[in-house]
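Student: Just one file: structure_23.cif, with mmCIF, C-alpha atoms (C1' of nucleotides).
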data_model
#
loop_
_atom_site.label_atom_id
_atom_site.label_comp_id
_atom_site.auth_asym_id
_atom_site.auth_seq_id
_atom_site.Cartn_x
_atom_site.Cartn_y
_atom_site.Cartn_z
CA MET P 1 27.61 13.04 17.90
CA ALA P 2 23.96 13.59 17.07
CA SER P 3 23.74 17.34 16.68
CA PRO P 4 20.25 18.19 17.91
CA LEU P 5 17.78 19.62 15.46
CA SER P 6 16.72 23.22 15.61
CA PRO P 7 13.49 24.02 17.48
CA ASP P 8 11.77 24.65 14.16
CA ALA P 9 12.96 21.32 12.82
CA SER P 10 11.71 19.56 15.93
CA ARG P 11 8.29 21.06 15.40
CA LEU P 12 8.23 19.89 11.79
CA LEU P 13 9.46 16.40 12.59
CA ARG P 14 6.47 15.21 14.51
CA ASP P 15 6.24 12.12 16.56
CA LEU P 16 6.10 9.21 14.15
CA THR P 17 2.57 8.37 15.12
CA HIS P 18 1.43 11.83 14.06
CA SER P 19 3.53 12.29 10.95
CA LEU P 20 1.63 13.11 7.80
CA PRO P 21 2.33 9.90 5.89
CA MET P 22 1.33 7.90 8.94
CA ALA P 23 -1.83 9.91 9.49
CA LEU P 24 -2.83 9.42 5.87
CA LEU P 25 -1.98 5.74 6.08
CA ARG P 26 -3.88 5.13 9.29
CA THR P 27 -6.98 6.91 8.14
CA ARG P 28 -6.93 5.21 4.78
CA GLU P 29 -6.41 1.88 6.51
CA ALA P 30 -9.46 2.45 8.70
CA VAL P 31 -11.58 3.52 5.74
CA VAL P 32 -10.51 0.76 3.41
CA GLN P 33 -11.11 -1.88 6.04
CA ARG P 34 -14.81 -1.06 5.94
CA PHE P 35 -14.92 -1.52 2.21
CA ARG P 36 -12.87 -4.67 2.38
CA ARG P 37 -15.47 -6.25 4.62
CA VAL P 38 -17.95 -5.93 1.76
CA LEU P 39 -15.61 -6.76 -1.09
CA SER P 40 -14.08 -9.86 0.46
CA ARG P 41 -17.48 -11.51 0.42
CA TYR P 42 -17.30 -11.24 -3.36
CA ASP P 43 -13.66 -12.34 -3.48
CA LEU P 44 -12.59 -8.94 -4.70
CA THR P 45 -9.59 -6.96 -3.62
CA GLU P 46 -9.76 -3.23 -3.19
CA GLN P 47 -7.75 -2.78 -6.38
CA GLN P 48 -10.01 -5.07 -8.38
CA TRP P 49 -12.98 -3.03 -7.20
CA ARG P 50 -11.23 0.12 -8.39
CA VAL P 51 -10.90 -1.45 -11.82
CA LEU P 52 -14.57 -2.41 -11.83
CA ARG P 53 -15.57 1.09 -10.78
CA ALA P 54 -13.33 2.74 -13.35
CA LEU P 55 -14.70 0.64 -16.19
CA ASP P 56 -18.31 0.80 -15.03
CA GLY P 57 -20.48 2.72 -17.43
CA LYS P 58 -17.74 3.08 -20.01
CA GLY P 59 -17.47 1.12 -23.17
CA GLY P 60 -13.85 0.33 -22.50
CA LEU P 61 -10.56 1.97 -21.66
CA GLU P 62 -6.99 1.72 -22.73
CA ILE P 63 -4.89 0.00 -20.10
CA SER P 64 -2.77 3.08 -19.49
CA ALA P 65 -5.80 5.26 -18.93
CA LEU P 66 -7.33 2.66 -16.65
CA ALA P 67 -4.12 2.36 -14.65
CA GLU P 68 -3.87 6.10 -14.24
CA GLN P 69 -7.46 6.48 -13.06
CA CYS P 70 -7.05 3.62 -10.59
CA ARG P 71 -3.64 4.86 -9.50
CA ILE P 72 -2.25 1.42 -10.09
CA LEU P 73 1.12 1.06 -11.76
CA LEU P 74 1.20 -0.71 -15.10
CA PRO P 75 3.16 -3.75 -13.88
CA SER P 76 0.57 -4.33 -11.16
CA MET P 77 -2.25 -3.74 -13.58
CA THR P 78 -0.92 -6.46 -15.86
CA GLY P 79 -1.39 -9.06 -13.15
CA ILE P 80 -4.70 -7.69 -11.92
CA LEU P 81 -6.20 -7.81 -15.41
CA ARG P 82 -4.82 -11.27 -16.03
CA ARG P 83 -6.54 -12.57 -12.90
CA MET P 84 -9.76 -10.70 -13.58
CA GLU P 85 -9.81 -11.95 -17.14
CA GLY P 86 -9.34 -15.47 -15.83
CA ARG P 87 -12.43 -15.00 -13.69
CA GLY P 88 -14.47 -13.70 -16.58
CA LEU P 89 -14.77 -10.18 -15.23
CA VAL P 90 -13.03 -8.30 -18.04
CA TRP P 91 -12.05 -8.92 -21.60
CA ARG P 92 -9.65 -7.14 -23.87
CA GLU P 93 -9.23 -6.50 -27.52
CA ALA P 94 -6.35 -5.10 -29.50
CA ASN P 95 -6.72 -1.57 -30.71
CA ARG P 96 -6.97 -1.77 -34.45
CA ALA P 97 -5.69 1.76 -34.87
CA ASP P 98 -2.64 1.24 -32.67
CA GLY P 99 -1.04 -2.17 -32.42
CA ARG P 100 0.56 -1.33 -29.10
CA SER P 101 -2.44 -0.49 -27.01
CA MET P 102 -5.24 -2.65 -25.66
CA ARG P 103 -8.77 -1.82 -24.70
CA VAL P 104 -10.31 -3.46 -21.64
CA ALA P 105 -14.00 -3.62 -20.81
CA LEU P 106 -16.29 -5.25 -18.28
CA THR P 107 -18.11 -8.45 -19.11
CA GLU P 108 -21.84 -8.56 -18.53
CA ARG P 109 -21.24 -10.68 -15.51
CA ALA P 110 -18.97 -8.02 -14.06
CA GLN P 111 -21.50 -5.29 -14.77
CA ALA P 112 -24.14 -7.23 -12.90
CA LEU P 113 -21.70 -7.77 -10.05
CA VAL P 114 -21.00 -4.05 -9.83
CA GLU P 115 -24.69 -3.27 -9.62
CA GLN P 116 -25.07 -5.85 -6.89
CA ILE P 117 -22.23 -4.48 -4.81
CA LYS P 118 -22.89 -0.76 -5.28
CA PRO P 119 -25.60 -0.46 -2.63
CA GLU P 120 -23.38 -2.05 -0.02
CA VAL P 121 -20.57 0.31 -0.88
CA VAL P 122 -22.95 3.24 -0.69
CA ALA P 123 -23.87 2.12 2.80
CA VAL P 124 -20.24 2.35 3.83
CA TYR P 125 -20.01 5.87 2.43
CA ALA P 126 -23.14 6.77 4.35
CA GLU P 127 -21.58 5.51 7.54
CA ILE P 128 -18.44 7.56 6.93
CA GLU P 129 -20.49 10.67 6.29
CA ARG P 130 -22.42 9.99 9.46
CA ILE P 131 -19.20 9.76 11.45
CA LEU P 132 -17.54 12.94 10.27
CA GLY P 133 -20.50 14.97 9.09
CA GLN P 134 -21.05 16.17 5.54
CA GLU P 135 -19.40 19.52 6.06
CA LYS P 136 -16.17 18.23 7.57
CA LEU P 137 -16.04 15.48 4.99
CA GLU P 138 -16.19 18.00 2.17
CA LEU P 139 -13.50 20.01 3.90
CA LEU P 140 -11.33 16.92 4.15
CA TYR P 141 -11.71 16.26 0.42
CA THR P 142 -10.80 19.86 -0.31
CA LEU P 143 -7.65 19.80 1.80
CA LEU P 144 -6.52 16.47 0.40
CA GLU P 145 -6.91 17.62 -3.16
CA GLU P 146 -5.29 20.95 -2.48
CA LEU P 147 -2.25 19.28 -0.99
CA GLU P 148 -2.06 16.78 -3.81
CA ARG P 149 -2.21 19.51 -6.42
CA GLY P 150 0.39 21.54 -4.57
CA LEU P 151 2.77 18.63 -4.46
CA ALA P 152 2.20 17.77 -8.09
CA GLN P 153 2.91 21.40 -8.90
CA GLY P 154 6.36 21.47 -7.35
CA GLU P 155 7.02 18.24 -9.19
CA ALA P 156 8.14 19.87 -12.40
CA SER P 157 10.86 21.90 -10.71
CA ASN P 158 12.37 18.94 -8.79
CA PRO P 159 12.33 16.10 -11.32
CA MET C 1 -31.57 -4.97 -15.11
CA ALA C 2 -29.44 -2.48 -13.25
CA SER C 3 -31.91 -0.76 -10.97
CA PRO C 4 -30.60 2.78 -10.68
CA LEU C 5 -29.44 4.04 -7.32
CA SER C 6 -31.42 6.57 -5.37
CA PRO C 7 -30.39 10.23 -5.71
CA ASP C 8 -28.90 10.10 -2.22
CA ALA C 9 -26.92 7.01 -3.08
CA SER C 10 -25.62 8.67 -6.23
CA ARG C 11 -24.38 11.58 -4.16
CA LEU C 12 -22.59 9.26 -1.77
CA LEU C 13 -21.04 7.13 -4.50
CA ARG C 14 -18.74 9.73 -5.93
CA ASP C 15 -16.88 9.49 -9.12
CA LEU C 16 -14.07 7.00 -8.55
CA THR C 17 -11.44 9.68 -8.90
CA HIS C 18 -12.97 11.58 -6.00
CA SER C 19 -13.86 8.71 -3.73
CA LEU C 20 -12.44 8.89 -0.23
CA PRO C 21 -10.10 5.92 -0.46
CA MET C 22 -8.76 7.26 -3.74
CA ALA C 23 -8.34 10.78 -2.40
CA LEU C 24 -6.44 9.44 0.59
CA LEU C 25 -4.35 7.22 -1.63
CA ARG C 26 -3.51 9.94 -4.14
CA THR C 27 -2.52 12.44 -1.51
CA ARG C 28 -0.47 9.92 0.40
CA GLU C 29 1.18 8.86 -2.82
CA ALA C 30 2.17 12.44 -3.59
CA VAL C 31 3.49 12.99 -0.07
CA VAL C 32 5.38 9.74 0.18
CA GLN C 33 7.03 10.27 -3.16
CA ARG C 34 8.85 13.28 -1.74
CA PHE C 35 10.17 11.27 1.15
CA ARG C 36 11.11 8.41 -1.10
CA ARG C 37 13.38 10.68 -3.10
CA VAL C 38 15.42 11.19 0.05
CA LEU C 39 15.24 7.66 1.42
CA SER C 40 16.12 5.88 -1.81
CA ARG C 41 19.51 7.56 -1.74
CA TYR C 42 20.14 5.65 1.45
CA ASP C 43 18.66 2.44 0.11
CA LEU C 44 15.80 2.64 2.55
CA THR C 45 12.16 1.93 1.90
CA GLU C 46 9.46 4.01 3.46
CA GLN C 47 8.64 1.14 5.83
CA GLN C 48 12.24 0.71 6.91
CA TRP C 49 12.36 4.42 7.69
CA ARG C 50 9.25 4.01 9.83
CA VAL C 51 11.03 1.31 11.81
CA LEU C 52 14.08 3.54 12.24
CA ARG C 53 11.91 6.43 13.38
CA ALA C 54 9.92 4.28 15.79
CA LEU C 55 13.04 2.85 17.42
CA ASP C 56 14.93 6.13 17.44
CA GLY C 57 15.53 7.39 20.96
CA LYS C 58 14.12 4.28 22.57
CA GLY C 59 16.17 1.56 24.15
CA GLY C 60 14.27 -1.10 22.29
CA LEU C 61 10.76 -2.30 21.59
CA GLU C 62 8.93 -5.56 21.45
CA ILE C 63 8.19 -6.57 17.89
CA SER C 64 4.44 -6.37 18.37
CA ALA C 65 4.65 -2.86 19.79
CA LEU C 66 6.95 -1.82 16.97
CA ALA C 67 4.63 -3.27 14.35
CA GLU C 68 1.65 -1.50 15.83
CA GLN C 69 3.37 1.88 15.94
CA CYS C 70 4.57 1.51 12.36
CA ARG C 71 1.23 0.15 11.22
CA ILE C 72 2.99 -2.76 9.62
CA LEU C 73 1.51 -6.22 9.99
CA LEU C 74 3.58 -8.80 11.83
CA PRO C 75 4.23 -11.03 8.80
CA SER C 76 5.62 -8.04 6.90
CA MET C 77 7.60 -6.94 9.93
CA THR C 78 9.30 -10.32 10.10
CA GLY C 79 10.83 -9.83 6.67
CA ILE C 80 11.63 -6.16 7.18
CA LEU C 81 13.53 -6.87 10.38
CA ARG C 82 15.33 -9.81 8.82
CA ARG C 83 16.61 -7.59 6.02
CA MET C 84 17.47 -4.72 8.34
CA GLU C 85 19.30 -7.06 10.68
CA GLY C 86 21.24 -8.41 7.71
CA ARG C 87 22.34 -4.85 6.93
CA GLY C 88 23.40 -4.22 10.50
CA LEU C 89 20.70 -1.67 11.22
CA VAL C 90 18.91 -3.48 14.05
CA TRP C 91 19.63 -6.28 16.46
CA ARG C 92 17.34 -8.35 18.63
CA GLU C 93 17.50 -10.19 21.88
CA ALA C 94 15.13 -12.63 23.50
CA ASN C 95 13.05 -11.32 26.35
CA ARG C 96 14.24 -13.15 29.43
CA ALA C 97 10.93 -12.61 31.23
CA ASP C 98 8.81 -13.96 28.38
CA GLY C 99 10.26 -16.59 26.09
CA ARG C 100 7.85 -15.69 23.31
CA SER C 101 8.65 -12.06 22.75
CA MET C 102 11.68 -10.35 21.25
CA ARG C 103 13.11 -6.89 21.77
CA VAL C 104 14.54 -5.00 18.79
CA ALA C 105 16.81 -1.98 18.94
CA LEU C 106 18.85 0.19 16.59
CA THR C 107 22.55 -0.39 16.14
CA GLU C 108 24.88 2.58 16.54
CA ARG C 109 25.28 2.68 12.81
CA ALA C 110 21.54 2.98 12.39
CA GLN C 111 21.34 5.76 14.97
CA ALA C 112 23.98 7.70 13.11
CA LEU C 113 22.11 7.12 9.88
CA VAL C 114 18.90 8.44 11.37
CA GLU C 115 20.63 11.61 12.52
CA GLN C 116 22.08 12.04 9.08
CA ILE C 117 18.74 11.67 7.32
CA LYS C 118 16.57 13.65 9.74
CA PRO C 119 17.44 17.11 8.36
CA GLU C 120 16.53 16.04 4.84
CA VAL C 121 13.22 14.68 6.04
CA VAL C 122 12.57 17.88 7.95
CA ALA C 123 13.11 19.79 4.73
CA VAL C 124 10.35 17.77 3.08
CA TYR C 125 7.99 18.54 5.95
CA ALA C 126 8.87 22.21 5.61
CA GLU C 127 7.99 22.08 1.94
CA ILE C 128 4.67 20.46 2.68
CA GLU C 129 3.85 23.07 5.28
CA ARG C 130 4.80 25.76 2.80
CA ILE C 131 2.42 24.31 0.24
CA LEU C 132 -0.66 23.98 2.41
CA GLY C 133 0.05 26.50 5.15
CA GLN C 134 0.41 25.68 8.81
CA GLU C 135 -3.21 26.31 9.67
CA LYS C 136 -4.70 24.11 6.96
CA LEU C 137 -2.15 21.44 7.66
CA GLU C 138 -3.17 21.28 11.31
CA LEU C 139 -6.79 21.16 10.22
CA LEU C 140 -6.00 18.26 7.92
CA TYR C 141 -4.35 16.35 10.77
CA THR C 142 -7.36 16.99 12.95
CA LEU C 143 -9.86 15.75 10.39
CA LEU C 144 -7.82 12.66 9.57
CA GLU C 145 -7.52 11.69 13.20
CA GLU C 146 -11.14 12.41 13.92
CA LEU C 147 -12.25 10.18 11.09
CA GLU C 148 -9.85 7.44 12.12
CA ARG C 149 -11.09 7.52 15.69
CA GLY C 150 -14.68 7.52 14.53
CA LEU C 151 -14.13 4.47 12.38
CA ALA C 152 -12.23 2.65 15.10
CA GLN C 153 -15.11 3.43 17.42
CA GLY C 154 -17.76 1.73 15.32
CA GLU C 155 -15.38 -1.17 15.05
CA ALA C 156 -16.45 -2.85 18.28
CA SER C 157 -20.08 -3.06 17.21
CA ASN C 158 -19.36 -4.56 13.75
CA PRO C 159 -16.60 -7.09 14.42
"C1'" DC N 1 12.16 4.27 -47.43
"C1'" DG N 2 14.87 3.78 -43.01
"C1'" DT N 3 16.18 4.83 -38.80
"C1'" DG N 4 16.22 6.79 -34.00
"C1'" DG N 5 13.50 8.03 -30.44
"C1'" DA N 6 8.91 7.90 -28.17
"C1'" DT N 7 4.95 5.03 -26.57
"C1'" DA N 8 2.18 0.97 -24.57
"C1'" DC N 9 2.69 -2.71 -22.45
"C1'" DT N 10 4.98 -6.87 -20.33
"C1'" DT N 11 8.63 -9.39 -17.60
"C1'" DA N 12 11.58 -9.78 -13.99
"C1'" DA N 13 13.19 -9.22 -9.29
"C1'" DC N 14 12.55 -7.76 -5.04
"C1'" DA N 15 9.80 -5.65 -0.93
"C1'" DT N 16 5.54 -5.34 1.27
"C1'" DG N 17 0.32 -6.21 2.22
"C1'" DT N 18 -3.16 -9.68 3.51
"C1'" DT N 19 -5.02 -13.80 5.34
"C1'" DA N 20 -4.62 -18.32 7.37
"C1'" DA N 21 -2.11 -21.79 9.58
"C1'" DC N 22 1.42 -23.09 12.67
"C1'" DC N 23 4.68 -23.24 16.82
"C1'" DA N 24 6.34 -22.21 21.12
"C1'" DT N 25 5.40 -20.11 25.25
"C1'" DC N 26 2.49 -18.35 28.88
"C1'" DT N 27 -1.67 -18.11 31.92
"C1'" DA N 28 -5.44 -19.41 34.29
"C1'" DA N 29 -8.76 -22.72 35.73
"C1'" DG N 30 -9.65 -27.18 37.47
"C1'" DC Z 1 0.21 -30.65 38.05
"C1'" DT Z 2 -2.19 -30.23 33.70
"C1'" DT Z 3 -4.68 -29.01 30.30
"C1'" DA Z 4 -7.36 -25.49 27.41
"C1'" DG Z 5 -7.08 -21.26 25.68
"C1'" DA Z 6 -4.59 -16.83 24.94
"C1'" DT Z 7 -0.39 -14.51 23.26
"C1'" DG Z 8 3.97 -13.38 20.38
"C1'" DG Z 9 6.13 -14.60 16.29
"C1'" DT Z 10 7.02 -17.02 12.17
"C1'" DT Z 11 5.87 -19.46 7.80
"C1'" DA Z 12 3.22 -20.03 3.75
"C1'" DA Z 13 0.60 -18.55 -0.24
"C1'" DC Z 14 -1.04 -15.28 -2.85
"C1'" DA Z 15 -1.84 -10.20 -4.49
"C1'" DT Z 16 0.10 -5.85 -5.07
"C1'" DG Z 17 3.83 -1.99 -5.00
"C1'" DT Z 18 8.24 -0.42 -6.98
"C1'" DT Z 19 11.96 -0.07 -10.10
"C1'" DA Z 20 14.52 -1.49 -14.13
"C1'" DA Z 21 14.80 -3.86 -18.34
"C1'" DG Z 22 12.80 -5.82 -22.42
"C1'" DT Z 23 9.44 -6.01 -26.70
"C1'" DA Z 24 6.67 -4.60 -30.10
"C1'" DT Z 25 4.79 -0.89 -32.28
"C1'" DC Z 26 4.38 4.00 -33.83
"C1'" DC Z 27 5.99 8.49 -35.41
"C1'" DA Z 28 8.86 12.09 -37.01
"C1'" DC Z 29 12.61 13.26 -39.53
"C1'" DG Z 30 16.24 12.80 -42.83
#
In structure tokens, how does this file's structure come out?
Tutor:
Amino acid sequence: MASPLSPDASRLLRDLTHSLPMALLRTREAVVQRFRRVLSRYDLTEQQWRVLRALDGKGGLEISALAEQCRILLPSMTGILRRMEGRGLVWREANRADGRSMRVALTERAQALVEQIKPEVVAVYAEIERILGQEKLELLYTLLEELERGLAQGEASNP
Amino acid sequence: MASPLSPDASRLLRDLTHSLPMALLRTREAVVQRFRRVLSRYDLTEQQWRVLRALDGKGGLEISALAEQCRILLPSMTGILRRMEGRGLVWREANRADGRSMRVALTERAQALVEQIKPEVVAVYAEIERILGQEKLELLYTLLEELERGLAQGEASNP
DNA sequence: CGTGGATACTTAACATGTTAACCATCTAAG
DNA sequence: CTTAGATGGTTAACATGTTAAGTATCCACG
């Protein structure tokens, strides 16, 4: 029945616990949990913080651009912005030049909130750097981005 | 108003696009998308595939153990197993020794399905290894696991 | 000027993530 | 024995992820 995989295939198909998607998930989970500890005290989700960070310092962004930077799909972004607007964290205005698009920007209250939270987030980053060391951390960033670019590359050929 | 961050803090607080959670998310997104292409043809989500992989080759697992290995929280696992049971992929039996716990196992149909899908998944892993190279890939695994362990470590002190 | 195809969202429907509360055991301590 | 707390799962409520469909513009071309 189950024809066994070749030795090479067995090597590639790691134990679930050590598969690449799982490794990325587990590490991200561990990292994000540290940030969540901070953000939950401000009733913010990780995604809402991404939106705050992306808009911080900018006059405003089109929703598509914001969604792309935050890596949040547009349908999710619709709900996130609706809730954040309800809390007075963002506001939007129609783009006069293009009736389809919207610009979103932080309210003053949100800007103040970002400034308040930033130092706590920085502290988390400092802890992470302390754990892994600056050099290894940079290496990790490099590998992650190289793999991401490589995968995006082969994207065009297998649509 | 916004007191500027120290130079060190500015270094730690990277541009959102290059922050660690984002880098992990983006890379994982790119990786998982490749697997999803395969799995969607079998009407499987990434999480359902994790359950299949975790149960594959084992006689059965308690739901808690399964959830931990898959890194899926118990409330999510409840729904996932309900749907998979409805499709005849898993079955469960009460644990005679402990009336609280349940054991889940793959049906024969699910085992056959796993064997059918494995080669396609292996092909994705091969592509990933081709992109990054075996050496860098191993290095990436090492760094991810080291960071995860380091973060789990400091967990006990900051509960 | 009109029309077909792109573009920027939004809605809808379903699956999962996240937290808190709940329920039925089980376990240990009195 | 029994009762308080721990454990294994589920339910509930809400936020987000994922895919497909819908809506209102915009744009290029005839």
Student: Counting all atoms listed in the file, what are the residues of chain N within 10 Å of chain P, and for each of them which pair of atoms is the nearest and at what distance in Å, to one decimal? Sort the table by chain and rising number, as CSV.
Tutor:
residue,atom,partner,partner_atom,distance
N:DT7,C1',P:Arg100,CA,8.1
N:DA8,C1',P:Arg100,CA,5.3
N:DC9,C1',P:Arg100,CA,7.1
N:DT10,C1',P:Pro75,CA,7.4
N:DT11,C1',P:Pro75,CA,8.7
N:DT18,C1',P:Thr45,CA,10.0
Student: Let me make sure I understand: among N:DT16, N:DC1, N:DA6, N:DA28, which one has the smallest atom-to-atom distance to DT2 (chain Z) if we use all atoms listed in the file?
Tutor: N:DA28
Student: Per residue of chain Z within 8 Å of chain P, what are the shortest atom pair and its distance in Å to one decimal, counting only C-alpha atoms (C1' of nucleotides), with rows by chain and residue number, as JSON lines?
Tutor:
{"residue": "Z:DT16", "atom": "C1'", "partner": "P:Ser76", "partner_atom": "CA", "distance": 6.3}
{"residue": "Z:DG17", "atom": "C1'", "partner": "P:Ser76", "partner_atom": "CA", "distance": 7.4}
{"residue": "Z:DA24", "atom": "C1'", "partner": "P:Arg100", "partner_atom": "CA", "distance": 7.0}
{"residue": "Z:DT25", "atom": "C1'", "partner": "P:Arg100", "partner_atom": "CA", "distance": 5.3}
{"residue": "Z:DC26", "atom": "C1'", "partner": "P:Asp98", "partner_atom": "CA", "distance": 7.6}
Student: Can you show chain P as a compact mmCIF listing (two decimals) with C-alpha atoms, in the coordinates of the input once it has been least-squares superposed onto chain C, using every C-alpha atom paired in order?
Tutor:
# COMPACT_ATOMS: atom_id res chain seq x y z
CA MET P 1 -31.54 -4.94 -15.13
CA ALA P 2 -29.39 -2.44 -13.25
CA SER P 3 -31.88 -0.73 -10.99
CA PRO P 4 -30.57 2.83 -10.71
CA LEU P 5 -29.42 4.06 -7.35
CA SER P 6 -31.40 6.59 -5.40
CA PRO P 7 -30.38 10.25 -5.74
CA ASP P 8 -28.91 10.12 -2.24
CA ALA P 9 -26.92 7.03 -3.10
CA SER P 10 -25.61 8.68 -6.25
CA ARG P 11 -24.38 11.60 -4.20
CA LEU P 12 -22.59 9.27 -1.79
CA LEU P 13 -21.04 7.15 -4.51
CA ARG P 14 -18.74 9.73 -5.95
CA ASP P 15 -16.86 9.49 -9.15
CA LEU P 16 -14.05 7.02 -8.58
CA THR P 17 -11.42 9.68 -8.92
CA HIS P 18 -12.95 11.59 -6.02
CA SER P 19 -13.85 8.71 -3.74
CA LEU P 20 -12.45 8.89 -0.25
CA PRO P 21 -10.09 5.92 -0.45
CA MET P 22 -8.75 7.25 -3.73
CA ALA P 23 -8.33 10.76 -2.39
CA LEU P 24 -6.43 9.43 0.61
CA LEU P 25 -4.35 7.20 -1.63
CA ARG P 26 -3.49 9.91 -4.11
CA THR P 27 -2.52 12.42 -1.49
CA ARG P 28 -0.48 9.90 0.42
CA GLU P 29 1.18 8.83 -2.81
CA ALA P 30 2.18 12.42 -3.58
CA VAL P 31 3.49 12.97 -0.06
CA VAL P 32 5.39 9.73 0.21
CA GLN P 33 7.04 10.25 -3.14
CA ARG P 34 8.84 13.27 -1.72
CA PHE P 35 10.17 11.26 1.16
CA ARG P 36 11.10 8.38 -1.08
CA ARG P 37 13.36 10.66 -3.07
CA VAL P 38 15.43 11.17 0.07
CA LEU P 39 15.24 7.65 1.43
CA SER P 40 16.13 5.87 -1.79
CA ARG P 41 19.52 7.55 -1.74
CA TYR P 42 20.14 5.64 1.48
CA ASP P 43 18.64 2.42 0.12
CA LEU P 44 15.79 2.62 2.57
CA THR P 45 12.16 1.91 1.92
CA GLU P 46 9.45 3.99 3.48
CA GLN P 47 8.63 1.14 5.85
CA GLN P 48 12.24 0.70 6.92
CA TRP P 49 12.36 4.41 7.71
CA ARG P 50 9.25 4.01 9.84
CA VAL P 51 11.03 1.31 11.80
CA LEU P 52 14.08 3.52 12.25
CA ARG P 53 11.91 6.42 13.39
CA ALA P 54 9.92 4.27 15.78
CA LEU P 55 13.03 2.85 17.42
CA ASP P 56 14.93 6.13 17.44
CA GLY P 57 15.52 7.40 20.94
CA LYS P 58 14.15 4.28 22.57
CA GLY P 59 16.18 1.57 24.13
CA GLY P 60 14.28 -1.09 22.27
CA LEU P 61 10.77 -2.29 21.58
CA GLU P 62 8.93 -5.54 21.45
CA ILE P 63 8.18 -6.54 17.88
CA SER P 64 4.44 -6.34 18.40
CA ALA P 65 4.65 -2.83 19.79
CA LEU P 66 6.96 -1.79 16.98
CA ALA P 67 4.62 -3.26 14.37
CA GLU P 68 1.64 -1.48 15.85
CA GLN P 69 3.37 1.90 15.96
CA CYS P 70 4.57 1.50 12.37
CA ARG P 71 1.22 0.15 11.24
CA ILE P 72 2.98 -2.76 9.65
CA LEU P 73 1.50 -6.22 10.01
CA LEU P 74 3.56 -8.79 11.87
CA PRO P 75 4.21 -11.02 8.84
CA SER P 76 5.62 -8.04 6.95
CA MET P 77 7.59 -6.93 9.95
CA THR P 78 9.29 -10.32 10.14
CA GLY P 79 10.81 -9.83 6.70
CA ILE P 80 11.62 -6.16 7.20
CA LEU P 81 13.54 -6.89 10.40
CA ARG P 82 15.32 -9.82 8.83
CA ARG P 83 16.59 -7.60 6.02
CA MET P 84 17.46 -4.73 8.33
CA GLU P 85 19.29 -7.07 10.66
CA GLY P 86 21.22 -8.40 7.69
CA ARG P 87 22.32 -4.86 6.92
CA GLY P 88 23.40 -4.22 10.48
CA LEU P 89 20.70 -1.68 11.21
CA VAL P 90 18.92 -3.48 14.04
CA TRP P 91 19.63 -6.27 16.43
CA ARG P 92 17.36 -8.32 18.61
CA GLU P 93 17.53 -10.17 21.84
CA ALA P 94 15.16 -12.60 23.47
CA ASN P 95 13.13 -11.29 26.33
CA ARG P 96 14.37 -13.08 29.39
CA ALA P 97 11.09 -12.57 31.19
CA ASP P 98 8.96 -13.93 28.35
CA GLY P 99 10.36 -16.56 26.03
CA ARG P 100 7.90 -15.66 23.30
CA SER P 101 8.69 -12.03 22.75
CA MET P 102 11.72 -10.33 21.24
CA ARG P 103 13.13 -6.89 21.75
CA VAL P 104 14.55 -5.00 18.77
CA ALA P 105 16.82 -1.98 18.93
CA LEU P 106 18.85 0.20 16.59
CA THR P 107 22.54 -0.39 16.12
CA GLU P 108 24.87 2.56 16.52
CA ARG P 109 25.27 2.65 12.80
CA ALA P 110 21.53 2.97 12.37
CA GLN P 111 21.34 5.73 14.96
CA ALA P 112 23.97 7.68 13.10
CA LEU P 113 22.10 7.09 9.86
CA VAL P 114 18.89 8.44 11.37
CA GLU P 115 20.63 11.59 12.51
CA GLN P 116 22.07 12.03 9.05
CA ILE P 117 18.74 11.65 7.31
CA LYS P 118 16.58 13.64 9.73
CA PRO P 119 17.44 17.08 8.37
CA GLU P 120 16.52 16.04 4.85
CA VAL P 121 13.22 14.67 6.05
CA VAL P 122 12.57 17.86 7.96
CA ALA P 123 13.10 19.76 4.74
CA VAL P 124 10.36 17.75 3.09
CA TYR P 125 8.00 18.53 5.96
CA ALA P 126 8.87 22.19 5.61
CA GLU P 127 8.00 22.07 1.95
CA ILE P 128 4.65 20.44 2.70
CA GLU P 129 3.86 23.06 5.30
CA ARG P 130 4.80 25.74 2.82
CA ILE P 131 2.41 24.30 0.25
CA LEU P 132 -0.67 23.98 2.41
CA GLY P 133 0.04 26.49 5.15
CA GLN P 134 0.40 25.66 8.83
CA GLU P 135 -3.22 26.29 9.67
CA LYS P 136 -4.72 24.10 6.96
CA LEU P 137 -2.17 21.42 7.68
CA GLU P 138 -3.20 21.29 11.32
CA LEU P 139 -6.81 21.15 10.23
CA LEU P 140 -6.02 18.25 7.93
CA TYR P 141 -4.37 16.34 10.78
CA THR P 142 -7.39 17.00 12.96
CA LEU P 143 -9.88 15.74 10.40
CA LEU P 144 -7.84 12.66 9.60
CA GLU P 145 -7.54 11.69 13.22
CA GLU P 146 -11.17 12.41 13.93
CA LEU P 147 -12.27 10.17 11.10
CA GLU P 148 -9.87 7.45 12.13
CA ARG P 149 -11.11 7.52 15.70
CA GLY P 150 -14.71 7.51 14.54
CA LEU P 151 -14.15 4.47 12.39
CA ALA P 152 -12.26 2.66 15.10
CA GLN P 153 -15.15 3.43 17.42
CA GLY P 154 -17.79 1.74 15.31
CA GLU P 155 -15.41 -1.18 15.05
CA ALA P 156 -16.51 -2.84 18.24
CA SER P 157 -20.15 -3.02 17.19
CA ASN P 158 -19.44 -4.54 13.73
CA PRO P 159 -16.72 -7.11 14.41
Student: Please provide as a PyMOL selection string all residues within 12 Å of DT3 (chain Z), with the sequence filter that same-chain residues fewer than 6 positions apart are discarded (counting all atoms listed in the file).
Tutor: chain N and resi 27-30
Student: Counting only C-alpha atoms, which residues of chain C come no farther than 8 Å from chain P, as an NGL selection string?
Tutor: :C and (2-3 or 5 or 9 or 12-13 or 16-17 or 20-28 or 30-32 or 50 or 53-54 or 69-71 or 112 or 115 or 119 or 121-122 or 125-126 or 128 or 131-132 or 136 or 140-141 or 143-148 or 150-152)
